[in-house]
Structures are given as structure tokens and as C-alpha cells.
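For reference, entry_7.cif is printed below; it contains mmCIF, C-alpha atoms.
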```cif
data_coords
#
loop_
_atom_site.label_atom_id
_atom_site.label_comp_id
_atom_site.auth_asym_id
_atom_site.auth_seq_id
_atom_site.Cartn_x
_atom_site.Cartn_y
_atom_site.Cartn_z
CA MET A 181 84.43 120.80 40.06
CA ARG A 182 81.48 119.20 41.91
CA CYS A 183 81.00 115.47 42.43
CA LYS A 184 78.13 114.05 40.40
CA ILE A 185 77.03 111.86 43.34
CA CYS A 186 77.66 113.65 46.65
CA ASN A 187 77.86 117.20 45.22
CA SER A 188 81.05 117.99 47.14
CA GLU A 189 83.92 120.02 45.70
CA PHE A 190 86.90 118.10 44.31
CA SER A 191 89.72 118.58 41.85
CA PRO A 192 89.85 116.06 38.96
CA SER A 193 92.80 113.79 38.45
CA LYS A 194 95.56 115.15 36.27
CA TYR A 195 95.41 111.88 34.32
CA ASN A 196 91.64 112.01 33.78
CA ARG A 197 90.38 115.54 33.29
CA SER A 198 86.85 114.30 32.54
CA GLN A 199 86.51 112.76 36.04
CA GLN A 200 83.02 113.45 37.36
CA THR A 201 83.03 111.87 40.82
CA CYS A 202 85.25 112.44 43.82
CA SER A 203 87.60 109.75 45.07
CA SER A 204 85.63 108.77 48.19
CA PRO A 205 84.96 105.01 48.32
CA GLU A 206 81.18 105.54 48.61
CA CYS A 207 81.05 107.70 45.49
CA GLN A 208 83.32 105.35 43.55
CA HIS A 209 81.15 102.38 44.51
CA LEU A 210 77.97 104.16 43.43
CA ARG A 211 79.65 105.29 40.18
CA GLN A 212 80.59 101.69 39.45
CA LEU A 213 77.04 100.48 40.11
CA MET A 214 75.65 103.20 37.84
CA ASN A 215 78.09 102.28 35.07
CA GLU A 216 77.17 98.58 35.34
CA ARG A 217 73.44 99.39 35.21
CA ALA A 218 73.93 101.62 32.17
CA TRP A 219 75.99 98.92 30.42
CA ARG A 220 73.28 96.31 31.07
CA GLU A 221 70.66 98.66 29.64
CA ARG A 222 72.77 99.19 26.49
CA ASN A 223 73.43 95.42 26.11
CA PRO A 224 70.20 93.66 27.17
CA ASP A 225 70.87 90.41 25.28
CA TYR A 226 74.42 89.84 26.53
CA PHE A 227 73.56 87.33 29.28
CA ARG A 228 70.74 85.63 27.39
CA CYS A 229 72.83 82.71 26.10
CA HIS A 230 74.44 81.66 29.41
CA GLY A 231 71.83 78.99 30.15
CA GLN A 232 72.25 77.41 26.73
CA ASP A 233 75.77 76.07 27.33
CA GLN A 234 74.57 72.94 29.10
CA VAL A 235 72.07 72.11 26.35
CA TRP A 236 74.80 72.57 23.73
CA GLN A 237 77.19 70.33 25.68
CA GLU A 238 74.60 67.57 25.97
CA ASN A 239 73.81 67.74 22.25
CA ARG A 240 77.51 67.72 21.40
CA TYR A 241 78.16 64.73 23.67
CA ARG A 242 75.34 62.79 21.99
CA TYR A 243 76.64 63.72 18.52
CA VAL A 244 80.21 62.62 19.31
CA LYS A 245 79.02 59.37 20.83
CA LEU A 246 76.98 58.54 17.72
CA TRP A 247 79.87 59.51 15.44
CA ARG A 248 82.26 57.20 17.32
CA LEU A 249 79.78 54.32 17.07
CA ALA A 250 79.36 54.90 13.33
CA HIS A 251 83.14 55.15 12.71
CA ARG A 252 84.41 52.47 15.08
CA ASP A 253 86.51 50.71 12.39
CA TYR A 254 88.12 53.96 11.27
CA LEU A 255 89.06 54.87 14.85
CA ARG A 256 90.54 51.41 15.45
CA GLU A 257 92.68 51.65 12.29
CA TYR A 258 93.76 55.18 13.16
CA ALA A 259 94.83 54.07 16.65
CA LYS A 260 96.86 51.18 15.19
CA SER A 261 98.60 53.32 12.59
CA HIS A 262 99.48 56.07 15.09
CA ALA A 263 100.45 53.82 18.03
CA PRO A 264 104.23 54.44 17.75
CA GLN A 265 103.78 58.23 17.67
CA ARG A 266 101.39 58.10 20.62
CA ARG A 267 103.76 55.90 22.60
CA GLU A 268 106.64 58.30 21.99
CA TYR A 269 104.48 61.29 22.87
CA MET A 270 103.36 59.67 26.15
CA ARG A 271 106.95 58.73 27.08
CA GLU A 272 108.04 62.35 26.61
CA TYR A 273 104.98 63.67 28.41
CA MET A 274 105.51 61.41 31.43
CA ARG A 275 109.23 62.22 31.51
CA LYS A 276 108.41 65.93 31.74
CA TYR A 277 105.65 65.23 34.27
CA ARG A 278 107.95 63.23 36.56
CA HIS A 279 110.67 65.85 36.23
CA SER A 280 108.31 68.70 37.15
CA ASN A 281 106.99 66.87 40.24
CA THR A 282 110.33 65.90 41.75
CA PRO A 283 111.20 67.90 44.84
CA GLN A 284 114.03 70.33 44.21
CA PRO A 285 117.00 70.16 46.63
CA VAL A 286 117.16 73.02 49.10
CA ALA A 287 120.44 74.90 48.90
#
```
Represent the structure from my file as C-alpha cells, please.
Amino acid sequence: MRCKICNSEFSPSKYNRSQQTCSSPECQHLRQLMNERAWRERNPDYFRCHGQDQVWQENRYRYVKLWRLAHRDYLREYAKSHAPQRREYMREYMRKYRHSNTPQPVA
């Protein structure tokens, strides 16, 4: 079989009979670049939303801040009613944290 890139003779892998390029690093690198280019052409809108994350985060932050201001009494009551559970949770959390950060004796 002939390599699709360098046109040299090669035998395909026994695990991948449809292999079209030889195993030289140059050909593999070019094959990878070609595959990436083809994928981008098939999926042109894939990277379009990456710049929108920051705008979404800012809008979300503003929304949460306004919600907390509007529901201040509810949050205060919730904190009071769940104080014992939170205290117990934090005691257990800190116990595990201190235990995980203690140096282990060397045998």
C-alpha cells in the first residue's frame, strides 16, 4: 500500500487495515493536521460560543446579586434554621482536612 502523504510503500497495521499513511512522524503529523482541518470545516460553529462565557458569567453574577438583595430575609432565616447542620458539616470537613494534611510518619 502507498502512503497518502509521502507516496512511499508501507504495510498497514494489523489492527487498522484501513490505515492510509505510513508511520513516519512527518506523515503522522501532516495526517493529524489534515484531520483537524477537515473536522473544523465540518463543524464551523463549534468554537463560536467560546467568547460568550464571560458575558454569561457577568449576567449571572448580576442576577444572583439582585436575587440575594431581594431575598435577604429569607436567606437570614434559612441560615438560622440550618446553623446546627452547617456547624456539624464544617466540623467534619475540617477534621478530614486536618487529617489529610498531617505528615505521615516515615517507616
### Task
Find the distance between CA of Gln234 (chain A) and CA of Ala250 (chain A) and write it in Å to one decimal.
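Interatomic distance, CA of Gln234 (chain A) to CA of Ala250 (chain A): 24.4 Å.
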### Message
If we count all atoms listed in the file and set the cut-off at 8 Å, which residues sit around region 182-198 of chain A, ignoring sequence neighbours fewer than 5 positions away in its own chain? Please answer as an MDAnalysis selection string.
### Response
chainID A and resid 207 210:211
### Query
In Å, with one decimal, what is the gap from CA of Glu268 (chain A) to CA of Tyr241 (chain A)?
29.2 Å
Final N, CA and C atoms of region 201-237 of chain A as a short mmCIF file (atom, residue, chain, number, x, y, z; two decimals), in the coordinates of the input:
```
data_model
loop_
_atom_site.label_atom_id
_atom_site.label_comp_id
_atom_site.auth_asym_id
_atom_site.auth_seq_id
_atom_site.Cartn_x
_atom_site.Cartn_y
_atom_site.Cartn_z
N THR A 201 83.32 112.18 39.42
CA THR A 201 83.03 111.87 40.82
C THR A 201 84.29 112.00 41.65
N CYS A 202 84.09 112.30 42.93
CA CYS A 202 85.25 112.44 43.82
C CYS A 202 85.82 111.05 44.11
N SER A 203 86.91 111.01 44.85
CA SER A 203 87.60 109.75 45.07
C SER A 203 87.16 109.02 46.33
N SER A 204 86.10 109.46 46.98
CA SER A 204 85.63 108.77 48.19
C SER A 204 85.13 107.38 47.80
N PRO A 205 85.36 106.38 48.65
CA PRO A 205 84.96 105.01 48.32
C PRO A 205 83.45 104.87 48.05
N GLU A 206 82.64 105.63 48.81
CA GLU A 206 81.18 105.54 48.61
C GLU A 206 80.80 106.03 47.22
N CYS A 207 81.35 107.16 46.82
CA CYS A 207 81.05 107.70 45.49
C CYS A 207 81.58 106.80 44.38
N GLN A 208 82.75 106.25 44.56
CA GLN A 208 83.32 105.35 43.55
C GLN A 208 82.46 104.09 43.42
N HIS A 209 81.99 103.58 44.55
CA HIS A 209 81.15 102.38 44.51
C HIS A 209 79.84 102.68 43.78
N LEU A 210 79.21 103.79 44.10
CA LEU A 210 77.97 104.16 43.43
C LEU A 210 78.19 104.42 41.93
N ARG A 211 79.32 105.05 41.59
CA ARG A 211 79.65 105.29 40.18
C ARG A 211 79.77 103.97 39.44
N GLN A 212 80.43 102.99 40.08
CA GLN A 212 80.59 101.69 39.45
C GLN A 212 79.23 101.01 39.24
N LEU A 213 78.37 101.07 40.24
CA LEU A 213 77.04 100.48 40.11
C LEU A 213 76.25 101.15 38.99
N MET A 214 76.35 102.47 38.90
CA MET A 214 75.65 103.20 37.84
C MET A 214 76.18 102.81 36.46
N ASN A 215 77.49 102.67 36.35
CA ASN A 215 78.09 102.28 35.07
C ASN A 215 77.65 100.87 34.66
N GLU A 216 77.61 99.95 35.64
CA GLU A 216 77.17 98.58 35.34
C GLU A 216 75.71 98.57 34.89
N ARG A 217 74.85 99.32 35.57
CA ARG A 217 73.44 99.39 35.21
C ARG A 217 73.28 99.95 33.79
N ALA A 218 74.02 101.01 33.50
CA ALA A 218 73.93 101.62 32.17
C ALA A 218 74.41 100.64 31.10
N TRP A 219 75.47 99.88 31.39
CA TRP A 219 75.99 98.92 30.42
C TRP A 219 74.95 97.84 30.15
N ARG A 220 74.29 97.34 31.24
CA ARG A 220 73.28 96.31 31.07
C ARG A 220 72.09 96.82 30.26
N GLU A 221 71.75 98.08 30.42
CA GLU A 221 70.66 98.66 29.64
C GLU A 221 71.04 98.77 28.16
N ARG A 222 72.32 99.08 27.88
CA ARG A 222 72.77 99.19 26.49
C ARG A 222 72.94 97.83 25.83
N ASN A 223 73.18 96.77 26.64
CA ASN A 223 73.43 95.42 26.11
C ASN A 223 72.46 94.41 26.74
N PRO A 224 71.18 94.51 26.47
CA PRO A 224 70.20 93.66 27.17
C PRO A 224 70.31 92.17 26.84
N ASP A 225 70.83 91.82 25.68
CA ASP A 225 70.87 90.41 25.28
C ASP A 225 72.18 89.72 25.63
N TYR A 226 73.08 90.39 26.31
CA TYR A 226 74.42 89.84 26.53
C TYR A 226 74.37 88.55 27.35
N PHE A 227 73.57 88.49 28.41
CA PHE A 227 73.56 87.33 29.28
C PHE A 227 72.50 86.30 28.89
N ARG A 228 71.83 86.50 27.79
CA ARG A 228 70.74 85.63 27.39
C ARG A 228 71.21 84.21 27.09
N CYS A 229 72.39 84.02 26.55
CA CYS A 229 72.83 82.71 26.10
C CYS A 229 73.51 81.88 27.18
N HIS A 230 73.68 82.40 28.40
CA HIS A 230 74.44 81.66 29.41
C HIS A 230 73.80 80.34 29.81
N GLY A 231 72.48 80.23 29.79
CA GLY A 231 71.83 78.99 30.15
C GLY A 231 71.87 77.96 29.05
N GLN A 232 72.27 78.32 27.87
CA GLN A 232 72.25 77.41 26.73
C GLN A 232 73.50 76.55 26.63
N ASP A 233 74.52 76.84 27.41
CA ASP A 233 75.77 76.07 27.33
C ASP A 233 75.55 74.61 27.66
N GLN A 234 74.77 74.33 28.70
CA GLN A 234 74.57 72.94 29.10
C GLN A 234 73.81 72.16 28.03
N VAL A 235 72.82 72.77 27.43
CA VAL A 235 72.07 72.11 26.35
C VAL A 235 73.01 71.81 25.18
N TRP A 236 73.86 72.78 24.82
CA TRP A 236 74.80 72.57 23.73
C TRP A 236 75.75 71.42 24.05
N GLN A 237 76.26 71.38 25.29
CA GLN A 237 77.19 70.33 25.68
C GLN A 237 76.54 68.95 25.60
#
```
